[in-house]
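protein.txt follows; it contains compact mmCIF, N, CA and C atoms.
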# COMPACT_ATOMS: atom_id res chain seq x y z
N MET A 1 11.99 20.66 7.72
CA MET A 1 10.56 20.66 7.48
C MET A 1 10.23 21.65 6.37
N TYR A 2 9.48 21.17 5.39
CA TYR A 2 9.11 21.99 4.23
C TYR A 2 8.20 23.15 4.65
N GLN A 3 8.45 24.32 4.09
CA GLN A 3 7.60 25.50 4.25
C GLN A 3 7.13 25.91 2.86
N LEU A 4 5.87 26.34 2.73
CA LEU A 4 5.36 26.78 1.43
C LEU A 4 6.33 27.79 0.82
N GLY A 5 6.66 27.60 -0.44
CA GLY A 5 7.59 28.48 -1.12
C GLY A 5 9.00 27.94 -1.20
N ASP A 6 9.32 26.91 -0.37
CA ASP A 6 10.64 26.29 -0.45
C ASP A 6 10.84 25.69 -1.84
N LYS A 7 12.07 25.70 -2.31
CA LYS A 7 12.36 25.17 -3.65
C LYS A 7 12.53 23.65 -3.65
N MET A 8 12.82 23.05 -2.47
CA MET A 8 13.07 21.62 -2.38
C MET A 8 12.39 21.06 -1.13
N LEU A 9 12.10 19.73 -1.17
CA LEU A 9 11.63 19.04 0.02
C LEU A 9 12.13 17.61 0.00
N GLU A 10 12.18 16.98 1.18
CA GLU A 10 12.67 15.61 1.28
C GLU A 10 11.68 14.64 0.66
N VAL A 11 12.19 13.58 0.07
CA VAL A 11 11.35 12.52 -0.49
C VAL A 11 10.40 12.00 0.59
N ARG A 12 10.92 11.74 1.80
CA ARG A 12 10.09 11.23 2.89
C ARG A 12 8.89 12.15 3.14
N GLU A 13 9.13 13.47 3.20
CA GLU A 13 8.05 14.41 3.47
C GLU A 13 7.07 14.46 2.29
N LEU A 14 7.59 14.42 1.07
CA LEU A 14 6.70 14.39 -0.10
C LEU A 14 5.80 13.16 -0.06
N LEU A 15 6.37 12.00 0.28
CA LEU A 15 5.56 10.78 0.35
C LEU A 15 4.48 10.90 1.42
N ILE A 16 4.82 11.43 2.58
CA ILE A 16 3.82 11.59 3.64
C ILE A 16 2.70 12.52 3.18
N LYS A 17 3.06 13.62 2.53
CA LYS A 17 2.06 14.54 2.02
C LYS A 17 1.21 13.88 0.93
N ALA A 18 1.85 13.05 0.10
CA ALA A 18 1.12 12.34 -0.96
C ALA A 18 0.14 11.33 -0.35
N PHE A 19 0.60 10.56 0.65
CA PHE A 19 -0.29 9.58 1.29
C PHE A 19 -1.44 10.27 2.01
N ALA A 20 -1.17 11.38 2.68
CA ALA A 20 -2.24 12.12 3.38
C ALA A 20 -3.26 12.65 2.38
N THR A 21 -2.79 13.15 1.25
CA THR A 21 -3.69 13.64 0.21
C THR A 21 -4.50 12.50 -0.39
N ALA A 22 -3.84 11.38 -0.67
CA ALA A 22 -4.54 10.21 -1.23
C ALA A 22 -5.59 9.70 -0.25
N TRP A 23 -5.27 9.70 1.04
CA TRP A 23 -6.26 9.28 2.04
C TRP A 23 -7.48 10.18 1.99
N ALA A 24 -7.26 11.51 1.89
CA ALA A 24 -8.37 12.46 1.84
C ALA A 24 -9.23 12.27 0.58
N CYS A 25 -8.61 11.81 -0.51
CA CYS A 25 -9.33 11.60 -1.77
C CYS A 25 -9.94 10.21 -1.87
N GLY A 26 -9.56 9.32 -0.96
CA GLY A 26 -10.00 7.93 -1.05
C GLY A 26 -11.19 7.61 -0.17
N SER A 27 -11.31 6.34 0.17
CA SER A 27 -12.48 5.84 0.89
C SER A 27 -12.44 6.11 2.38
N ARG A 28 -11.29 6.41 2.93
CA ARG A 28 -11.11 6.69 4.36
C ARG A 28 -11.60 5.54 5.24
N GLU A 29 -11.35 4.31 4.78
CA GLU A 29 -11.78 3.14 5.53
C GLU A 29 -11.01 2.95 6.83
N VAL A 30 -9.79 3.48 6.89
CA VAL A 30 -9.00 3.45 8.12
C VAL A 30 -8.67 4.89 8.49
N ASP A 31 -8.25 5.09 9.75
CA ASP A 31 -7.93 6.46 10.15
C ASP A 31 -6.66 6.93 9.42
N ARG A 32 -6.51 8.24 9.34
CA ARG A 32 -5.45 8.87 8.56
C ARG A 32 -4.05 8.41 8.99
N ASP A 33 -3.76 8.42 10.29
CA ASP A 33 -2.43 8.04 10.77
C ASP A 33 -2.09 6.60 10.43
N THR A 34 -3.06 5.70 10.58
CA THR A 34 -2.85 4.29 10.24
C THR A 34 -2.57 4.16 8.76
N TYR A 35 -3.33 4.89 7.94
CA TYR A 35 -3.15 4.83 6.49
C TYR A 35 -1.74 5.28 6.10
N ILE A 36 -1.29 6.42 6.65
CA ILE A 36 0.03 6.94 6.31
C ILE A 36 1.11 5.97 6.77
N THR A 37 1.03 5.51 8.01
CA THR A 37 2.04 4.59 8.54
C THR A 37 2.09 3.30 7.74
N SER A 38 0.93 2.72 7.45
CA SER A 38 0.92 1.46 6.71
C SER A 38 1.39 1.66 5.27
N SER A 39 1.09 2.81 4.67
CA SER A 39 1.56 3.09 3.32
C SER A 39 3.07 3.11 3.26
N ILE A 40 3.69 3.71 4.27
CA ILE A 40 5.14 3.76 4.32
C ILE A 40 5.70 2.36 4.59
N ASN A 41 5.08 1.64 5.50
CA ASN A 41 5.60 0.34 5.92
C ASN A 41 5.48 -0.75 4.87
N VAL A 42 4.56 -0.63 3.91
CA VAL A 42 4.39 -1.69 2.92
C VAL A 42 5.21 -1.48 1.65
N ILE A 43 5.98 -0.42 1.60
CA ILE A 43 6.83 -0.21 0.42
C ILE A 43 7.88 -1.31 0.36
N ASP A 44 7.87 -2.03 -0.72
CA ASP A 44 8.81 -3.15 -0.92
C ASP A 44 10.05 -2.68 -1.67
N SER A 45 9.86 -1.83 -2.64
CA SER A 45 10.98 -1.27 -3.39
C SER A 45 10.61 0.13 -3.81
N ILE A 46 11.60 0.97 -3.97
CA ILE A 46 11.34 2.36 -4.34
C ILE A 46 12.40 2.81 -5.33
N GLN A 47 11.98 3.57 -6.32
CA GLN A 47 12.88 4.15 -7.31
C GLN A 47 12.65 5.65 -7.28
N ILE A 48 13.70 6.40 -7.04
CA ILE A 48 13.57 7.85 -6.89
C ILE A 48 14.38 8.54 -7.96
N GLN A 49 13.71 9.43 -8.67
CA GLN A 49 14.35 10.29 -9.65
C GLN A 49 13.93 11.71 -9.31
N PRO A 50 14.62 12.73 -9.80
CA PRO A 50 14.29 14.10 -9.41
C PRO A 50 12.83 14.50 -9.67
N GLU A 51 12.20 13.92 -10.68
CA GLU A 51 10.84 14.32 -11.02
C GLU A 51 9.85 13.17 -10.96
N MET A 52 10.23 12.04 -10.32
CA MET A 52 9.31 10.92 -10.23
C MET A 52 9.75 9.97 -9.11
N ILE A 53 8.77 9.46 -8.39
CA ILE A 53 9.01 8.43 -7.39
C ILE A 53 8.06 7.28 -7.70
N TYR A 54 8.62 6.08 -7.85
CA TYR A 54 7.81 4.90 -8.14
C TYR A 54 8.06 3.90 -7.02
N ALA A 55 7.00 3.30 -6.50
CA ALA A 55 7.18 2.31 -5.44
C ALA A 55 6.24 1.14 -5.66
N GLU A 56 6.75 -0.03 -5.33
CA GLU A 56 5.94 -1.24 -5.34
C GLU A 56 5.64 -1.59 -3.89
N GLU A 57 4.44 -2.06 -3.65
CA GLU A 57 4.04 -2.45 -2.32
C GLU A 57 4.17 -3.96 -2.22
N GLY A 58 4.69 -4.41 -1.11
CA GLY A 58 4.90 -5.84 -0.94
C GLY A 58 4.69 -6.26 0.49
N GLN A 59 5.55 -7.13 0.96
CA GLN A 59 5.41 -7.64 2.32
C GLN A 59 5.78 -6.60 3.36
N GLY A 60 6.43 -5.56 2.95
CA GLY A 60 6.70 -4.46 3.87
C GLY A 60 8.12 -4.43 4.39
N LEU A 61 8.40 -3.34 5.07
CA LEU A 61 9.72 -3.14 5.67
C LEU A 61 9.80 -3.92 6.97
N THR A 62 10.98 -4.40 7.27
CA THR A 62 11.17 -4.99 8.59
C THR A 62 11.38 -3.85 9.58
N ASP A 63 11.12 -4.08 10.83
CA ASP A 63 11.25 -3.03 11.84
C ASP A 63 12.64 -2.41 11.79
N GLY A 64 12.68 -1.10 11.75
CA GLY A 64 13.94 -0.38 11.78
C GLY A 64 14.63 -0.23 10.45
N GLU A 65 14.14 -0.88 9.42
CA GLU A 65 14.78 -0.78 8.10
C GLU A 65 14.43 0.56 7.48
N GLU A 66 15.42 1.17 6.86
CA GLU A 66 15.21 2.45 6.17
C GLU A 66 15.34 2.24 4.67
N LEU A 67 14.46 2.86 3.93
CA LEU A 67 14.59 2.81 2.47
C LEU A 67 15.66 3.79 2.03
N ASP A 68 16.38 3.44 0.98
CA ASP A 68 17.39 4.34 0.44
C ASP A 68 16.73 5.60 -0.11
N HIS A 69 17.41 6.68 0.02
CA HIS A 69 17.06 7.94 -0.64
C HIS A 69 15.88 8.70 -0.04
N LEU A 70 15.33 8.31 1.11
CA LEU A 70 14.21 9.04 1.68
C LEU A 70 14.62 10.45 2.11
N ALA A 71 15.89 10.65 2.39
CA ALA A 71 16.35 11.98 2.79
C ALA A 71 16.77 12.84 1.59
N ASP A 72 16.75 12.26 0.39
CA ASP A 72 17.08 13.04 -0.80
C ASP A 72 16.09 14.18 -0.98
N LEU A 73 16.54 15.20 -1.67
CA LEU A 73 15.67 16.34 -1.93
C LEU A 73 15.13 16.27 -3.36
N VAL A 74 13.87 16.67 -3.50
CA VAL A 74 13.24 16.79 -4.81
C VAL A 74 12.65 18.19 -4.92
N ARG A 75 12.32 18.57 -6.10
CA ARG A 75 11.83 19.93 -6.33
C ARG A 75 10.45 20.14 -5.71
N ALA A 76 10.21 21.34 -5.25
CA ALA A 76 8.94 21.68 -4.63
C ALA A 76 8.20 22.77 -5.41
N ASP A 77 8.76 23.17 -6.55
CA ASP A 77 8.03 24.10 -7.41
C ASP A 77 7.06 23.29 -8.25
N GLY A 78 6.25 23.91 -9.05
CA GLY A 78 5.30 23.17 -9.87
C GLY A 78 4.29 22.46 -9.00
N ALA A 79 3.93 21.22 -9.36
CA ALA A 79 2.94 20.45 -8.60
C ALA A 79 3.27 18.96 -8.73
N TRP A 80 2.96 18.20 -7.70
CA TRP A 80 3.17 16.75 -7.70
C TRP A 80 1.82 16.06 -7.82
N VAL A 81 1.79 14.96 -8.55
CA VAL A 81 0.58 14.16 -8.72
C VAL A 81 0.81 12.77 -8.13
N TYR A 82 -0.14 12.32 -7.31
CA TYR A 82 -0.11 10.96 -6.77
C TYR A 82 -1.03 10.10 -7.63
N TYR A 83 -0.53 8.92 -8.02
CA TYR A 83 -1.31 7.97 -8.79
C TYR A 83 -1.07 6.59 -8.21
N GLY A 84 -2.10 5.96 -7.73
CA GLY A 84 -1.95 4.63 -7.16
C GLY A 84 -3.01 3.69 -7.70
N VAL A 85 -2.63 2.45 -7.90
CA VAL A 85 -3.56 1.41 -8.32
C VAL A 85 -3.51 0.31 -7.26
N PRO A 86 -4.44 0.37 -6.29
CA PRO A 86 -4.40 -0.59 -5.19
C PRO A 86 -4.41 -2.05 -5.63
N ALA A 87 -5.17 -2.38 -6.66
CA ALA A 87 -5.26 -3.77 -7.12
C ALA A 87 -3.93 -4.28 -7.66
N GLU A 88 -3.06 -3.37 -8.09
CA GLU A 88 -1.77 -3.76 -8.66
C GLU A 88 -0.60 -3.47 -7.72
N ASN A 89 -0.92 -2.96 -6.52
CA ASN A 89 0.08 -2.72 -5.48
C ASN A 89 1.25 -1.83 -5.90
N PHE A 90 0.94 -0.70 -6.49
CA PHE A 90 2.00 0.26 -6.77
C PHE A 90 1.43 1.66 -6.71
N PHE A 91 2.35 2.61 -6.56
CA PHE A 91 1.96 4.01 -6.68
C PHE A 91 3.11 4.76 -7.34
N LEU A 92 2.77 5.92 -7.87
CA LEU A 92 3.70 6.77 -8.57
C LEU A 92 3.41 8.20 -8.12
N VAL A 93 4.45 8.95 -7.83
CA VAL A 93 4.31 10.37 -7.54
C VAL A 93 5.17 11.07 -8.57
N THR A 94 4.54 11.90 -9.38
CA THR A 94 5.27 12.52 -10.49
C THR A 94 5.11 14.03 -10.48
N TRP A 95 6.15 14.72 -10.90
CA TRP A 95 6.19 16.18 -10.91
C TRP A 95 5.61 16.72 -12.21
N MET A 96 4.85 17.80 -12.08
CA MET A 96 4.29 18.50 -13.24
C MET A 96 4.71 19.97 -13.14
N PRO A 97 4.82 20.66 -14.27
CA PRO A 97 5.34 22.03 -14.24
C PRO A 97 4.43 23.06 -13.56
N ASP A 98 3.13 22.78 -13.51
CA ASP A 98 2.21 23.72 -12.85
C ASP A 98 0.92 23.01 -12.46
N GLU A 99 0.07 23.71 -11.73
CA GLU A 99 -1.17 23.11 -11.23
C GLU A 99 -2.12 22.73 -12.36
N ALA A 100 -2.18 23.53 -13.42
CA ALA A 100 -3.06 23.22 -14.54
C ALA A 100 -2.65 21.90 -15.20
N ALA A 101 -1.36 21.71 -15.41
CA ALA A 101 -0.88 20.46 -16.00
C ALA A 101 -1.15 19.29 -15.06
N ALA A 102 -0.98 19.52 -13.75
CA ALA A 102 -1.24 18.47 -12.76
C ALA A 102 -2.71 18.09 -12.75
N ASP A 103 -3.59 19.09 -12.78
CA ASP A 103 -5.03 18.81 -12.78
C ASP A 103 -5.46 18.06 -14.04
N ALA A 104 -4.87 18.40 -15.18
CA ALA A 104 -5.17 17.69 -16.43
C ALA A 104 -4.70 16.25 -16.34
N LYS A 105 -3.52 16.03 -15.76
CA LYS A 105 -2.99 14.68 -15.60
C LYS A 105 -3.89 13.86 -14.67
N VAL A 106 -4.33 14.46 -13.57
CA VAL A 106 -5.23 13.78 -12.63
C VAL A 106 -6.52 13.37 -13.34
N ALA A 107 -7.09 14.27 -14.13
CA ALA A 107 -8.33 13.97 -14.85
C ALA A 107 -8.13 12.80 -15.82
N ASP A 108 -7.00 12.80 -16.53
CA ASP A 108 -6.70 11.70 -17.45
C ASP A 108 -6.56 10.37 -16.70
N LEU A 109 -5.87 10.39 -15.57
CA LEU A 109 -5.67 9.17 -14.79
C LEU A 109 -6.99 8.66 -14.20
N GLN A 110 -7.81 9.58 -13.69
CA GLN A 110 -9.08 9.18 -13.12
C GLN A 110 -10.01 8.57 -14.18
N ALA A 111 -9.86 9.03 -15.41
CA ALA A 111 -10.69 8.48 -16.50
C ALA A 111 -10.37 7.01 -16.76
N GLU A 112 -9.16 6.58 -16.39
CA GLU A 112 -8.79 5.17 -16.56
C GLU A 112 -9.53 4.28 -15.57
N GLY A 113 -9.98 4.84 -14.45
CA GLY A 113 -10.74 4.08 -13.45
C GLY A 113 -9.87 3.21 -12.57
N ASP A 114 -10.47 2.72 -11.47
CA ASP A 114 -9.81 1.80 -10.52
C ASP A 114 -8.46 2.30 -10.02
N CYS A 115 -8.39 3.59 -9.72
CA CYS A 115 -7.14 4.15 -9.22
C CYS A 115 -7.46 5.29 -8.25
N VAL A 116 -6.43 5.72 -7.56
CA VAL A 116 -6.51 6.94 -6.77
C VAL A 116 -5.55 7.91 -7.45
N ALA A 117 -6.07 9.03 -7.89
CA ALA A 117 -5.25 10.05 -8.55
C ALA A 117 -5.63 11.41 -7.99
N CYS A 118 -4.62 12.18 -7.57
CA CYS A 118 -4.89 13.50 -7.02
C CYS A 118 -3.61 14.33 -7.04
N ARG A 119 -3.80 15.65 -7.03
CA ARG A 119 -2.66 16.55 -6.91
C ARG A 119 -2.25 16.56 -5.45
N VAL A 120 -0.97 16.39 -5.17
CA VAL A 120 -0.49 16.34 -3.79
C VAL A 120 -0.61 17.72 -3.15
N ASP A 121 -1.22 17.73 -1.97
CA ASP A 121 -1.38 18.96 -1.19
C ASP A 121 -0.14 19.11 -0.31
N LEU A 122 0.75 20.02 -0.68
CA LEU A 122 2.00 20.19 0.06
C LEU A 122 1.81 20.87 1.41
N THR A 123 0.57 21.26 1.74
CA THR A 123 0.33 21.83 3.07
C THR A 123 -0.01 20.75 4.10
N GLN A 124 -0.17 19.50 3.65
CA GLN A 124 -0.47 18.40 4.58
C GLN A 124 0.67 18.26 5.59
N GLN A 125 0.33 18.01 6.83
CA GLN A 125 1.32 17.85 7.90
C GLN A 125 1.13 16.50 8.58
N TRP A 126 2.21 15.92 9.04
CA TRP A 126 2.17 14.69 9.83
C TRP A 126 3.52 14.53 10.47
N GLN A 127 3.55 14.16 11.73
CA GLN A 127 4.80 13.91 12.42
C GLN A 127 5.28 12.53 12.10
N PHE A 128 6.43 12.41 11.44
CA PHE A 128 6.96 11.09 11.10
C PHE A 128 7.77 10.59 12.28
N GLY A 129 7.58 9.33 12.62
CA GLY A 129 8.38 8.81 13.69
C GLY A 129 7.74 7.65 14.30

Encoded form (structure tokens):
Amino acid sequence: MYQLGDKMLEVRELLIKAFATAWACGSREVDRDTYITSSINVIDSIQIQPEMIYAEEGQGLTDGEELDHLADLVRADGAWVYYGVPAENFFLVTWMPDEAAADAKVADLQAEGDCVACRVDLTQQWQFG
């Protein structure tokens, strides 16, 4: 479990924190737990790199299926930005060197419109399971 100040965190935990942050920044049409669970379950494909995670949403995971690389570690220094375009069924979580760069990136993405863009709050908690 990630603790503030840790140098690394699991992809799975980063995604949960990203979805929880995106839910807080979004319309909140469904409850938080449902949003996080469904966000994880609808991932059709995922590409993980040390400083970027890209996922396409599709028909979803079958029960019990695990995505590759969710236990991989990614950096926890700097700041992560969540960017999702619901109409196009994809999201991207990308690493930035600091909070100022992340906030500037979020502002640029939000200016494009029709998206959810926010700096990931690494203090978000959720029990995965």

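Going from atom C of A:Gly78 to atom N of A:Val116 covers 19.9 Å.
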
Alpha helix (DSSP H) residues, from DSSP on the backbone, in stretch 1-122 of chain A, as a ChimeraX atom specification: /A:11-25,32-41,99-112

Neighbour list for A:Ile46 as an MDAnalysis selection string, cut-off 6.5 Å, all atoms listed in the file, skip fewer than 3 positions in-chain: chainID A and resid 43 54:56

Which residue is closest to A:Arg75? Choose from A:Glu112, A:Asp33, A:Glu13, A:Glu57 and count only C-alpha atoms. A:Glu13

A:Glu88, A:Val81, A:Ile40, A:Val106: which is nearest A:Ile16, counting only N, CA and C atoms? A:Ile40
